[in-house]
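To be precise, the following lines are start.cif, and they hold mmCIF, C-alpha atoms and all ligand atoms.
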```cif
data_input
#
loop_
_atom_site.label_atom_id
_atom_site.label_comp_id
_atom_site.auth_asym_id
_atom_site.auth_seq_id
_atom_site.Cartn_x
_atom_site.Cartn_y
_atom_site.Cartn_z
CA MET S 1 -15.52 -31.79 15.78
CA ASN S 2 -17.67 -33.29 18.52
CA ASP S 3 -16.69 -35.80 21.19
CA GLN S 4 -17.44 -38.74 18.93
CA GLY S 5 -14.74 -37.56 16.52
CA ALA S 6 -14.81 -35.87 13.16
CA ASP S 7 -17.83 -36.13 10.87
CA SER S 8 -17.31 -36.44 7.14
CA THR S 9 -17.28 -32.68 6.38
CA ASP S 10 -14.64 -32.14 9.07
CA LEU S 11 -12.63 -34.97 7.59
CA GLN S 12 -12.80 -33.45 4.13
CA ILE S 13 -11.47 -30.17 5.50
CA TYR S 14 -8.61 -31.94 7.29
CA VAL S 15 -7.73 -33.86 4.14
CA SER S 16 -7.69 -30.81 1.91
CA VAL S 17 -5.67 -28.78 4.40
CA LEU S 18 -3.08 -31.56 4.66
CA GLU S 19 -2.95 -32.07 0.91
CA ASN S 20 -2.49 -28.37 0.19
CA LEU S 21 0.19 -27.74 2.81
CA GLU S 22 3.64 -26.95 1.43
CA ASP S 23 5.21 -28.76 4.39
CA ALA S 24 5.63 -32.51 4.26
CA VAL S 25 3.51 -34.21 6.96
CA ILE S 26 4.17 -37.82 7.94
CA ALA S 27 2.32 -39.51 10.82
CA LEU S 28 3.61 -42.67 12.49
CA ASP S 29 1.91 -45.16 14.82
CA PRO S 30 3.61 -46.09 18.13
CA ASP S 31 5.59 -48.81 16.31
CA GLY S 32 7.00 -46.27 13.86
CA ARG S 33 4.83 -47.42 10.94
CA ILE S 34 3.72 -44.74 8.49
CA VAL S 35 -0.04 -44.09 8.67
CA LEU S 36 -0.21 -40.76 6.84
CA PHE S 37 1.94 -39.31 4.05
CA ASN S 38 0.69 -36.10 2.41
CA SER S 39 1.40 -34.85 -1.15
CA ALA S 40 4.19 -32.54 -0.05
CA ALA S 41 5.85 -35.54 1.62
CA GLU S 42 5.70 -37.38 -1.70
CA ASN S 43 7.18 -34.40 -3.54
CA SER S 44 10.01 -33.70 -1.16
CA THR S 45 11.08 -37.30 -0.49
CA GLY S 46 10.47 -38.68 -3.99
CA ILE S 47 8.67 -41.64 -2.36
CA SER S 48 5.03 -42.31 -3.23
CA ARG S 49 2.23 -42.75 -0.72
CA ARG S 50 1.74 -46.32 -1.92
CA GLN S 51 5.39 -47.15 -1.25
CA SER S 52 5.31 -45.59 2.20
CA LEU S 53 1.98 -46.38 3.93
CA GLY S 54 2.30 -49.27 6.37
CA ARG S 55 6.09 -49.39 6.16
CA LYS S 56 8.36 -48.71 9.08
CA VAL S 57 10.03 -45.32 8.99
CA ILE S 58 13.31 -47.00 9.91
CA ASP S 59 13.18 -49.07 6.69
CA LEU S 60 12.08 -46.23 4.45
CA PHE S 61 14.61 -43.65 5.66
CA ARG S 62 17.45 -46.05 6.37
CA THR S 63 20.21 -43.54 5.46
CA GLN S 64 18.74 -40.56 7.33
CA GLU S 65 20.36 -41.11 10.71
CA THR S 66 19.56 -37.75 12.26
CA LEU S 67 15.94 -37.84 11.12
CA LEU S 68 15.50 -41.36 12.56
CA HIS S 69 17.14 -40.29 15.80
CA LEU S 70 14.69 -37.40 16.19
CA VAL S 71 11.71 -39.62 15.40
CA GLN S 72 12.82 -42.35 17.80
CA THR S 73 13.44 -39.85 20.59
CA ALA S 74 9.93 -38.45 20.14
CA LEU S 75 8.37 -41.95 19.98
CA ARG S 76 10.24 -43.16 23.05
CA GLU S 77 10.02 -40.09 25.25
CA GLY S 78 6.77 -38.56 24.00
CA ARG S 79 8.31 -35.10 23.69
CA SER S 80 8.38 -32.56 20.87
CA ILE S 81 11.35 -31.33 18.86
CA PHE S 82 10.91 -28.09 16.92
CA ASN S 83 12.65 -26.88 13.76
CA TYR S 84 15.73 -29.04 13.85
CA GLU S 85 17.64 -27.56 10.92
CA ASP S 86 20.76 -29.54 10.27
CA ILE S 87 19.30 -32.21 7.98
CA LEU S 88 19.91 -32.99 4.34
CA LEU S 89 17.18 -35.16 2.87
CA HIS S 90 18.63 -37.66 0.37
CA ARG S 91 16.34 -38.36 -2.57
CA PRO S 92 16.50 -40.85 -5.41
CA GLY S 93 17.68 -39.13 -8.59
CA ALA S 94 17.64 -35.60 -7.17
CA ALA S 95 19.96 -33.28 -5.26
CA PRO S 96 19.78 -33.56 -1.45
CA LEU S 97 17.30 -31.11 0.01
CA PRO S 98 18.10 -29.02 3.11
CA ILE S 99 15.11 -29.34 5.45
CA SER S 100 14.04 -28.34 8.93
CA VAL S 101 12.20 -31.02 10.90
CA SER S 102 9.69 -30.84 13.75
CA VAL S 103 8.45 -33.97 15.51
CA SER S 104 5.53 -33.99 17.95
CA PRO S 105 3.80 -36.82 19.82
CA ILE S 106 0.15 -37.52 19.00
CA PHE S 107 -2.21 -38.13 21.92
CA THR S 108 -5.80 -39.43 21.80
CA PRO S 109 -8.46 -37.37 23.63
CA ALA S 110 -8.12 -39.96 26.42
CA GLY S 111 -4.43 -39.13 26.72
CA THR S 112 -2.90 -42.29 25.31
CA HIS S 113 0.17 -41.97 23.16
CA GLU S 114 -0.75 -42.73 19.56
CA GLY S 115 2.49 -42.12 17.69
CA VAL S 116 4.18 -39.03 16.31
CA VAL S 117 3.74 -36.55 13.50
CA VAL S 118 6.82 -35.42 11.53
CA ILE S 119 6.74 -32.11 9.68
CA MET S 120 9.50 -31.35 7.17
CA ARG S 121 10.01 -27.94 5.61
CA ASP S 122 12.13 -27.20 2.52
CA ILE S 123 14.70 -24.56 3.56
CA SER S 124 16.74 -24.51 0.35
CA ARG S 125 15.71 -20.93 -0.39
CA VAL S 126 16.85 -19.83 3.11
CA ARG S 127 20.19 -21.59 2.59
CA GLU S 128 20.69 -19.87 -0.78
CA LEU S 129 20.10 -16.47 0.77
CA GLU S 130 22.51 -17.28 3.60
CA ASP S 131 25.19 -18.25 1.05
CA ALA S 132 24.70 -14.98 -0.78
CA VAL S 133 25.07 -13.00 2.45
CA ARG S 134 28.25 -14.91 3.39
CA ARG S 135 29.71 -14.25 -0.04
CA ALA S 136 28.97 -10.54 0.22
CA ASP S 137 30.62 -10.34 3.67
CA ARG S 138 33.75 -12.10 2.47
CA LEU S 139 33.92 -9.88 -0.56
CA SER S 140 33.71 -6.66 1.38
CA MET S 141 36.63 -7.78 3.59
CA ILE S 142 38.83 -8.79 0.66
CA GLY S 143 37.85 -5.64 -1.21
CA THR S 144 38.90 -3.34 1.64
CA MET S 145 42.25 -5.09 2.02
CA ALA S 146 42.94 -5.12 -1.69
CA ALA S 147 42.03 -1.47 -2.12
CA GLY S 148 44.51 -0.47 0.59
CA LEU S 149 47.20 -2.39 -1.23
CA ALA S 150 46.16 -1.02 -4.62
CA HIS S 151 46.59 2.49 -3.34
CA GLU S 152 50.21 1.73 -2.47
CA ILE S 153 50.84 0.28 -5.93
CA LYS S 154 49.32 3.11 -7.93
CA ASN S 155 51.99 5.69 -7.06
CA PRO S 156 55.05 3.61 -8.00
CA LEU S 157 53.25 2.59 -11.19
CA GLY S 158 52.87 6.23 -12.12
CA GLY S 159 56.62 6.59 -11.64
CA ILE S 160 57.39 3.58 -13.85
CA LYS S 161 55.13 4.86 -16.61
CA GLY S 162 56.67 8.34 -16.52
CA ALA S 163 60.19 6.91 -16.62
CA ALA S 164 59.30 4.65 -19.58
CA GLN S 165 57.92 7.65 -21.47
CA LEU S 166 61.09 9.67 -20.81
CA LEU S 167 63.23 6.75 -21.87
CA GLY S 168 61.24 6.47 -25.11
CA ARG S 169 62.01 10.10 -25.93
CA GLU S 170 65.72 9.45 -25.47
CA PHE S 171 65.77 7.28 -28.56
CA SER S 172 66.30 9.76 -31.35
CA GLU S 173 64.89 7.66 -34.21
CA PRO S 174 61.12 7.05 -33.91
CA ASP S 175 61.53 3.62 -35.51
CA ASP S 176 64.33 2.60 -33.15
CA ALA S 177 63.74 -1.07 -32.22
CA LEU S 178 64.14 -0.13 -28.54
CA ASN S 179 60.99 2.00 -28.76
CA GLU S 180 59.01 -1.23 -28.89
CA TYR S 181 60.20 -2.11 -25.38
CA THR S 182 59.15 1.20 -23.88
CA ASP S 183 55.76 0.87 -25.62
CA ILE S 184 55.25 -2.55 -24.02
CA MET S 185 56.20 -1.14 -20.62
CA ILE S 186 53.69 1.67 -20.94
CA ARG S 187 50.92 -0.61 -22.22
CA GLU S 188 51.37 -3.16 -19.44
CA VAL S 189 51.53 -0.45 -16.77
CA GLU S 190 48.21 0.84 -18.10
CA ARG S 191 46.73 -2.64 -17.91
CA VAL S 192 47.79 -3.06 -14.27
CA ASN S 193 46.42 0.40 -13.58
CA ALA S 194 43.03 -0.53 -15.04
CA ILE S 195 42.87 -3.62 -12.81
CA ILE S 196 43.75 -1.55 -9.77
CA GLU S 197 41.03 0.93 -10.57
CA GLU S 198 38.50 -1.87 -10.78
CA LEU S 199 39.73 -3.14 -7.41
CA MET S 200 39.38 0.25 -5.81
CA ASP S 201 35.87 0.46 -7.22
CA LEU S 202 35.10 -2.85 -5.60
CA ALA S 203 35.91 -1.51 -2.16
CA SER S 204 34.84 2.07 -2.68
CA PRO S 205 32.27 3.26 -0.20
CA ARG S 206 30.47 5.21 -2.95
CA PRO S 207 26.79 4.52 -2.44
CA PRO S 208 24.78 3.79 -5.58
CA VAL S 209 23.07 6.83 -7.06
CA MET S 210 19.47 5.74 -7.26
CA THR S 211 17.31 7.03 -10.07
CA GLU S 212 14.49 5.56 -12.12
CA VAL S 213 15.96 2.93 -14.38
CA ASN S 214 14.32 1.35 -17.40
CA LEU S 215 15.65 -2.22 -17.40
CA SER S 216 14.29 -3.06 -20.82
CA ARG S 217 16.14 -0.16 -22.39
CA ILE S 218 19.45 -0.94 -20.65
CA LEU S 219 19.27 -4.61 -21.65
CA GLY S 220 18.22 -3.73 -25.21
CA ASP S 221 21.21 -1.36 -25.57
CA ILE S 222 23.67 -3.93 -24.19
CA ILE S 223 22.43 -6.55 -26.64
CA LEU S 224 22.73 -4.19 -29.56
CA PHE S 225 26.30 -3.42 -28.57
CA GLN S 226 27.23 -7.05 -27.89
CA LYS S 227 25.83 -8.25 -31.22
CA GLU S 228 28.40 -5.99 -32.83
CA ALA S 229 31.23 -6.83 -30.43
CA GLN S 230 30.69 -10.60 -30.76
CA ARG S 231 30.39 -10.58 -34.56
CA LYS S 232 33.15 -13.17 -34.94
CA LYS S 233 31.10 -15.77 -33.08
CA ASN S 234 27.69 -16.98 -34.07
CA ILE S 235 25.64 -16.06 -31.01
CA ASP S 236 21.86 -15.68 -30.90
CA PHE S 237 20.77 -13.15 -28.30
CA ILE S 238 17.22 -13.73 -27.10
CA LEU S 239 15.60 -11.07 -24.98
CA ARG S 240 12.28 -11.87 -23.25
CA LEU S 241 11.11 -8.92 -21.19
CA ASP S 242 8.08 -8.85 -18.94
CA PRO S 243 6.20 -5.78 -20.21
CA SER S 244 4.52 -5.30 -16.84
CA ILE S 245 7.78 -4.25 -15.15
CA PRO S 246 7.79 -0.46 -14.77
CA PRO S 247 11.02 1.51 -14.25
CA ILE S 248 12.80 0.42 -11.06
CA ARG S 249 14.96 2.36 -8.61
CA GLY S 250 18.63 1.70 -9.15
CA ASP S 251 22.01 3.08 -10.22
CA GLU S 252 21.93 3.03 -14.01
CA ASN S 253 25.72 2.91 -14.48
CA LEU S 254 26.19 0.12 -11.99
CA LEU S 255 23.29 -1.95 -13.30
CA THR S 256 24.58 -1.56 -16.86
CA ARG S 257 27.98 -2.80 -15.74
CA LEU S 258 26.37 -5.72 -13.91
CA PHE S 259 24.40 -6.95 -16.93
CA LEU S 260 27.28 -6.29 -19.30
CA ASN S 261 29.73 -8.33 -17.17
CA LEU S 262 27.31 -11.26 -16.99
CA ILE S 263 26.38 -11.16 -20.66
CA MET S 264 30.06 -10.92 -21.67
CA ASN S 265 30.89 -13.91 -19.45
CA GLY S 266 28.10 -15.80 -21.22
CA CYS S 267 29.50 -14.91 -24.64
CA GLU S 268 33.02 -15.82 -23.55
CA ALA S 269 31.79 -19.25 -22.42
CA ILE S 270 30.54 -19.94 -25.95
CA GLU S 271 33.26 -21.22 -28.24
CA ASN S 272 31.90 -20.79 -31.76
CA SER S 273 28.15 -20.68 -31.78
CA GLY S 274 25.43 -20.68 -29.18
CA ARG S 275 22.77 -18.58 -27.53
CA VAL S 276 22.43 -16.14 -24.68
CA ASP S 277 18.94 -15.77 -23.19
CA ILE S 278 17.91 -12.83 -21.07
CA VAL S 279 14.59 -13.00 -19.26
CA THR S 280 12.97 -10.52 -16.86
CA LYS S 281 9.99 -11.32 -14.66
CA VAL S 282 8.32 -10.43 -11.39
CA ALA S 283 8.97 -13.00 -8.66
CA SER S 284 5.69 -13.46 -6.88
CA GLU S 285 7.04 -15.95 -4.37
CA ILE S 286 9.71 -13.77 -2.71
CA HIS S 287 9.24 -10.57 -0.77
CA LEU S 288 11.41 -8.32 1.32
CA ASN S 289 9.72 -7.39 4.58
CA GLN S 290 10.50 -3.99 5.96
CA PRO S 291 9.33 -3.14 9.46
CA GLY S 292 6.09 -1.22 9.29
CA ASP S 293 6.00 -1.34 5.51
CA ARG S 294 4.21 -3.34 2.90
CA PRO S 295 6.26 -6.29 1.59
CA VAL S 296 8.46 -5.33 -1.38
CA PRO S 297 8.29 -7.78 -4.31
CA PHE S 298 11.40 -8.77 -6.26
CA ILE S 299 12.08 -8.62 -9.95
CA VAL S 300 14.21 -11.34 -11.42
CA ILE S 301 16.63 -11.08 -14.33
CA GLU S 302 17.99 -14.34 -15.70
CA ILE S 303 21.06 -14.41 -17.93
CA ARG S 304 21.53 -17.85 -19.38
CA ASP S 305 24.06 -19.20 -21.88
CA ASN S 306 24.61 -22.60 -23.43
CA GLY S 307 28.38 -22.34 -23.23
CA LYS S 308 30.89 -24.62 -21.58
CA GLY S 309 29.54 -24.30 -18.02
CA ILE S 310 31.42 -24.11 -14.72
CA ALA S 311 33.08 -27.08 -13.02
CA ARG S 312 31.44 -27.95 -9.72
CA GLU S 313 34.65 -27.32 -7.75
CA SER S 314 34.98 -23.80 -9.23
CA LEU S 315 31.43 -22.70 -8.41
CA GLU S 316 32.32 -21.49 -4.90
CA GLN S 317 35.35 -19.56 -6.17
CA ILE S 318 34.01 -17.65 -9.14
CA PHE S 319 32.95 -14.69 -6.98
CA THR S 320 36.36 -14.40 -5.34
CA PRO S 321 38.38 -11.47 -6.72
CA PHE S 322 41.11 -12.61 -9.17
CA PHE S 323 39.67 -16.08 -9.73
CA THR S 324 39.76 -16.56 -13.48
CA THR S 325 40.16 -19.39 -15.96
CA LYS S 326 40.79 -17.02 -18.88
CA ASN S 327 44.14 -15.97 -20.33
CA ARG S 328 43.46 -12.25 -20.24
CA GLY S 329 40.75 -12.20 -17.57
CA SER S 330 41.14 -10.09 -14.43
CA GLY S 331 38.79 -12.29 -12.40
CA LEU S 332 37.15 -9.16 -11.00
CA GLY S 333 33.99 -9.22 -13.13
CA LEU S 334 31.82 -11.37 -10.88
CA ALA S 335 33.20 -9.86 -7.67
CA ILE S 336 32.04 -6.49 -8.99
CA CYS S 337 28.66 -7.97 -10.00
CA GLN S 338 28.21 -9.35 -6.48
CA LYS S 339 28.95 -5.95 -4.98
CA ILE S 340 26.55 -4.14 -7.30
CA VAL S 341 23.74 -6.58 -6.50
CA THR S 342 24.41 -6.32 -2.74
CA ASP S 343 24.46 -2.51 -2.96
CA HIS S 344 20.99 -2.76 -4.50
CA ARG S 345 19.93 -5.07 -1.63
CA GLY S 346 19.41 -7.90 -4.07
CA PHE S 347 20.69 -11.45 -4.46
CA LEU S 348 22.87 -13.09 -7.10
CA LYS S 349 22.63 -16.82 -7.75
CA VAL S 350 24.31 -19.16 -10.19
CA LYS S 351 23.42 -22.59 -11.56
CA SER S 352 25.66 -24.36 -14.03
CA SER S 353 26.04 -27.74 -15.72
CA PRO S 354 29.46 -28.35 -17.24
CA GLY S 355 29.11 -28.87 -20.99
CA LYS S 356 25.54 -27.52 -21.03
CA GLY S 357 25.60 -23.94 -19.83
CA THR S 358 25.20 -21.48 -17.02
CA CYS S 359 22.39 -19.36 -15.62
CA PHE S 360 22.93 -16.32 -13.40
CA THR S 361 19.82 -15.07 -11.59
CA ILE S 362 19.68 -11.55 -10.21
CA SER S 363 16.84 -10.73 -7.82
CA LEU S 364 16.34 -7.05 -7.07
CA PRO S 365 13.83 -5.59 -4.65
CA PHE S 366 11.32 -3.60 -6.60
CA TYR S 367 10.64 -0.31 -4.83
CA ARG S 368 7.85 1.69 -6.30
N1 LIG S 401 28.73 -17.77 -17.99
C1 LIG S 401 29.84 -18.43 -17.62
N2 LIG S 401 30.13 -19.64 -18.16
C2 LIG S 401 31.24 -20.31 -17.79
N3 LIG S 401 32.14 -19.87 -16.88
C3 LIG S 401 31.91 -18.69 -16.31
C4 LIG S 401 30.76 -17.90 -16.63
N4 LIG S 401 30.80 -16.78 -15.88
C5 LIG S 401 31.92 -16.86 -15.14
N5 LIG S 401 32.60 -17.99 -15.38
C6 LIG S 401 33.85 -18.43 -14.73
O1 LIG S 401 34.11 -17.59 -13.62
C7 LIG S 401 35.39 -16.99 -13.75
C8 LIG S 401 35.35 -15.61 -13.12
O2 LIG S 401 34.52 -14.74 -13.86
P1 LIG S 401 34.76 -13.17 -13.77
O3 LIG S 401 33.78 -12.49 -14.65
O4 LIG S 401 34.83 -12.78 -12.35
O5 LIG S 401 36.25 -12.99 -14.35
P2 LIG S 401 36.74 -13.21 -15.85
O6 LIG S 401 35.58 -13.22 -16.79
O7 LIG S 401 37.66 -14.37 -15.85
O8 LIG S 401 37.60 -11.88 -16.07
P3 LIG S 401 36.99 -10.44 -16.48
O9 LIG S 401 35.58 -10.42 -16.07
O10 LIG S 401 37.84 -9.47 -15.77
O11 LIG S 401 37.17 -10.39 -17.95
C9 LIG S 401 35.69 -17.00 -15.23
O12 LIG S 401 37.07 -16.99 -15.50
C10 LIG S 401 35.05 -18.32 -15.66
O13 LIG S 401 35.88 -19.42 -15.37
MG MG S 402 34.07 -11.69 -16.67
#
```
Is it possible to express this structure as structure tokens?
Amino acid sequence: MNDQGADSTDLQIYVSVLENLEDAVIALDPDGRIVLFNSAAENSTGISRRQSLGRKVIDLFRTQETLLHLVQTALREGRSIFNYEDILLHRPGAAPLPISVSVSPIFTPAGTHEGVVVIMRDISRVRELEDAVRRADRLSMIGTMAAGLAHEIKNPLGGIKGAAQLLGREFSEPDDALNEYTDIMIREVERVNAIIEELMDLASPRPPVMTEVNLSRILGDIILFQKEAQRKKNIDFILRLDPSIPPIRGDENLLTRLFLNLIMNGCEAIENSGRVDIVTKVASEIHLNQPGDRPVPFIVIEIRDNGKGIARESLEQIFTPFFTTKNRGSGLGLAICQKIVTDHRGFLKVKSSPGKGTCFTISLPFYR
């Protein structure tokens, strides 16, 4: 650019840079009227350029108090505000979007104040990762407490079971009606024991044993087994595997348990007939950065069902140990899944629409 301003080639470059940015860019004149609204701004706000150009920002974003406050401060005082994060952008017909906002004054080469530029960045992905980390922290605390307690319960349970067995032997006739009571005692003690063992697993410090794991084979085996186990229902299992995914590093037993728990939950959410879809793919958009290393890509495994879905108010609780809506559920399945995914340094996400179905997404770093 020379002193006279931009020539047409410069302008074309500016336009294409602005139009290809993933951040929303909105420029305002000193009166707060919108003079520039790039494509990302249209996408993230749900407002078109035609609706926005020439209008006052205060009219267009009437309900966004914090955003307006930032813009007005920058317009009035001519100072910049960087990465203000606590804003939810409300959008017509879509879920609110968590964004970070930066506002900077625009000056002409002569130094006169010409308005401000607002840059909005979608931080929903960051928020999701933060939620996953919080969940994992909470889980490890509950797990440690529960395992301590479980240890105390296991010994007396052993005593109860032994006594019930001795009592059973006291009844001389094998078909004595009282035998039924001792059988129930033994069976229920075993059930409690199984739950306790799961709990202790949840808190156990045992690190995963990493070997080369063939995801396609594990998933294929689980489906084969589930087709048999779920014979009474009419469930279509659909497996779509990305053939380009080579064996990954992971703990085969733990990963099998993870997929099995999620697939079983999917089947249990289906009343009579439905489908469970399992998809694997490489996520090109997310990477794990390790200091001094090349970024590690993630592989994504989606397990989707068209069952009854999860009520909005339950979504936060489903990962909490013992939360269950099933008669004979332990409520430990998802807590264990969360731990397995965290132990593999991955992330577990859930999306659900009541009445339509549920999708669990597992992202695992893909070490070569
Ligand atoms: N795919 C799904 N569809 C609908 N609800 C689900 C799904 N997955 C989990 N849930 C809900 O989350 C709750 C907790 O799941 P979790 O796997 O932890 O325990 P559970 O399935 O109840 O018991 P367990 O896994 O021990 O049999 C379930 O009771 C159910 O309400
Ligand atoms: Mg379960």
*Which is closer to ligand LIG 401 (chain S) than all the others in S:Glu130, S:Glu212, S:Glu173, S:Glu268, using only C-alpha atoms and all ligand atoms?*
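Closest residue, counting only C-alpha atoms and all ligand atoms: S:Glu268.
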*Might you pull out every residue within 12 Å of range 188-190 of chain S, with only C-alpha atoms counted and same-chain residues fewer than 6 positions away left off, and present them as an MDAnalysis selection string?*
chainID S and resid 153:165 181:182 196:197
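Proximity to Leu60 in chain S at 12 Å, evaluated using only C-alpha atoms and with sequence-adjacent residues fewer than 3 positions away removed, yields Gly32, Arg33, Ile34, Thr45, Gly46, Ile47, Ser48, Arg49, Gln51, Ser52, Leu53, Gly54, Arg55, Lys56, Val57, Thr63, Gln64, Glu65, Leu67, Leu68, His90 and Arg91 of chain S.
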Which chain S residues have any atom within 10 Å of an atom of ligand LIG 401 (chain S), and for each, what is the nearest pair of atoms with distance in Å to one decimal, counting only C-alpha atoms and all ligand atoms, rows sorted by chain and number, as CSV?
```
residue,atom,partner,partner_atom,distance
S:Ile195,CA,S:LIG401,O10,8.3
S:Glu198,CA,S:LIG401,O10,9.1
S:Leu260,CA,S:LIG401,O9,9.8
S:Asn261,CA,S:LIG401,O9,6.3
S:Leu262,CA,S:LIG401,N4,6.6
S:Ile263,CA,S:LIG401,N1,7.5
S:Met264,CA,S:LIG401,O6,7.7
S:Asn265,CA,S:LIG401,N4,4.6
S:Gly266,CA,S:LIG401,N1,3.8
S:Cys267,CA,S:LIG401,N1,7.3
S:Glu268,CA,S:LIG401,N2,7.2
S:Ala269,CA,S:LIG401,N2,4.6
S:Ile270,CA,S:LIG401,N2,7.8
S:Val276,CA,S:LIG401,N1,9.3
S:Ile303,CA,S:LIG401,N1,8.4
S:Arg304,CA,S:LIG401,N1,7.3
S:Asp305,CA,S:LIG401,N1,6.2
S:Asn306,CA,S:LIG401,N2,8.2
S:Gly307,CA,S:LIG401,N2,6.0
S:Lys308,CA,S:LIG401,C2,5.8
S:Gly309,CA,S:LIG401,C2,4.3
S:Ile310,CA,S:LIG401,N3,4.8
S:Ala311,CA,S:LIG401,N3,8.2
S:Ser314,CA,S:LIG401,O13,7.6
S:Leu315,CA,S:LIG401,O1,7.8
S:Glu316,CA,S:LIG401,O1,9.7
S:Gln317,CA,S:LIG401,O1,7.8
S:Ile318,CA,S:LIG401,O1,4.5
S:Phe319,CA,S:LIG401,O4,6.0
S:Thr320,CA,S:LIG401,O4,7.4
S:Pro321,CA,S:LIG401,O4,6.8
S:Phe322,CA,S:LIG401,O4,7.0
S:Phe323,CA,S:LIG401,C8,5.5
S:Thr324,CA,S:LIG401,O12,3.4
S:Thr325,CA,S:LIG401,O12,3.9
S:Lys326,CA,S:LIG401,O12,5.0
S:Asn327,CA,S:LIG401,O7,8.0
S:Arg328,CA,S:LIG401,O11,6.9
S:Gly329,CA,S:LIG401,O8,3.5
S:Ser330,CA,S:LIG401,O10,3.6
S:Gly331,CA,S:LIG401,O5,3.3
S:Leu332,CA,S:LIG401,O4,4.5
S:Gly333,CA,S:LIG401,O9,3.6
S:Leu334,CA,S:LIG401,O4,3.6
S:Ala335,CA,S:LIG401,O4,5.8
S:Ile336,CA,S:LIG401,O4,7.7
S:Cys337,CA,S:LIG401,O4,8.2
S:Gln338,CA,S:LIG401,O4,9.5
S:Val350,CA,S:LIG401,N4,9.0
S:Lys351,CA,S:LIG401,N1,9.6
S:Ser352,CA,S:LIG401,N2,7.7
S:Ser353,CA,S:LIG401,C2,9.3
S:Pro354,CA,S:LIG401,C2,8.3
S:Gly355,CA,S:LIG401,C2,9.4
S:Lys356,CA,S:LIG401,N2,9.6
S:Gly357,CA,S:LIG401,N2,6.5
S:Thr358,CA,S:LIG401,N1,5.2
S:Cys359,CA,S:LIG401,N1,7.0
S:Phe360,CA,S:LIG401,N1,7.5
```
*Skip Val209 in chain S itself and residues of its chain fewer than 3 positions away, then list as an MDAnalysis selection string all residues within 10 Å of it, counting only C-alpha atoms.*
chainID S and resid 206 249:254
*To one decimal place, how far is CA of Met185 in chain S from atom MG of ligand MG 402 (chain S) in Å?*
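Between CA of Met185 in chain S and atom MG of ligand MG 402 (chain S) the gap is 24.8 Å.
The space separating CA of Lys349 in chain S from CA of Thr361 in chain S comes to 5.1 Å.
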*Nearest candidate to ligand MG 402 (chain S) (options S:Leu258, S:Val117, S:Leu224, S:Ile184; using all atoms listed in the file)*: S:Leu258
_If I take CA of Pro207 in chain S and CA of Asp343 in chain S, how far is one from the other in Å, to one decimal?_
7.4 Å
*Counting only C-alpha atoms, what is within 10 Å of Ser44 in chain S, bar same-chain residues fewer than 3 positions away, as a PyMOL selection string?*
chain S and resi 22-24+39-41+47+89-91+94+96-97+99+120-122
Put the listed atoms of range 64-68 of chain S in a box along x, y and z with 3 Å added on every side and give me the centre and edge lengths in Å to one decimal, as AutoDock Vina command-line options.
```
--center_x 17.9 --center_y -39.6 --center_z 9.9 --size_x 10.9 --size_y 9.6 --size_z 11.2
```
Please, could N, CA and C atoms be added to range 59-69 of chain S and the result written as a JSON list (two decimals), keeping the file's coordinate frame?
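Final file, rebuild-v3.json:
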```
[["chain", "number", "residue", "atom", "x", "y", "z"],
["S", 59, "ASP", "N", 12.82, -48.40, 7.95],
["S", 59, "ASP", "CA", 13.18, -49.07, 6.69],
["S", 59, "ASP", "C", 13.21, -48.07, 5.54],
["S", 60, "LEU", "N", 12.23, -47.15, 5.58],
["S", 60, "LEU", "CA", 12.08, -46.23, 4.45],
["S", 60, "LEU", "C", 13.17, -45.17, 4.41],
["S", 61, "PHE", "N", 13.60, -44.71, 5.60],
["S", 61, "PHE", "CA", 14.61, -43.65, 5.66],
["S", 61, "PHE", "C", 15.90, -44.17, 6.29],
["S", 62, "ARG", "N", 16.31, -45.34, 5.79],
["S", 62, "ARG", "CA", 17.45, -46.05, 6.37],
["S", 62, "ARG", "C", 18.72, -45.17, 6.49],
["S", 63, "THR", "N", 18.94, -44.30, 5.46],
["S", 63, "THR", "CA", 20.21, -43.54, 5.46],
["S", 63, "THR", "C", 20.11, -42.22, 6.23],
["S", 64, "GLN", "N", 18.91, -41.88, 6.68],
["S", 64, "GLN", "CA", 18.74, -40.56, 7.33],
["S", 64, "GLN", "C", 18.89, -40.69, 8.84],
["S", 65, "GLU", "N", 20.14, -40.81, 9.29],
["S", 65, "GLU", "CA", 20.36, -41.11, 10.71],
["S", 65, "GLU", "C", 19.77, -40.08, 11.66],
["S", 66, "THR", "N", 20.02, -38.80, 11.34],
["S", 66, "THR", "CA", 19.56, -37.75, 12.26],
["S", 66, "THR", "C", 18.03, -37.73, 12.33],
["S", 67, "LEU", "N", 17.40, -37.84, 11.16],
["S", 67, "LEU", "CA", 15.94, -37.84, 11.12],
["S", 67, "LEU", "C", 15.39, -38.99, 11.97],
["S", 68, "LEU", "N", 15.97, -40.19, 11.80],
["S", 68, "LEU", "CA", 15.50, -41.36, 12.56],
["S", 68, "LEU", "C", 15.72, -41.16, 14.06],
["S", 69, "HIS", "N", 16.85, -40.54, 14.39],
["S", 69, "HIS", "CA", 17.14, -40.29, 15.80],
["S", 69, "HIS", "C", 16.07, -39.39, 16.42]]
```
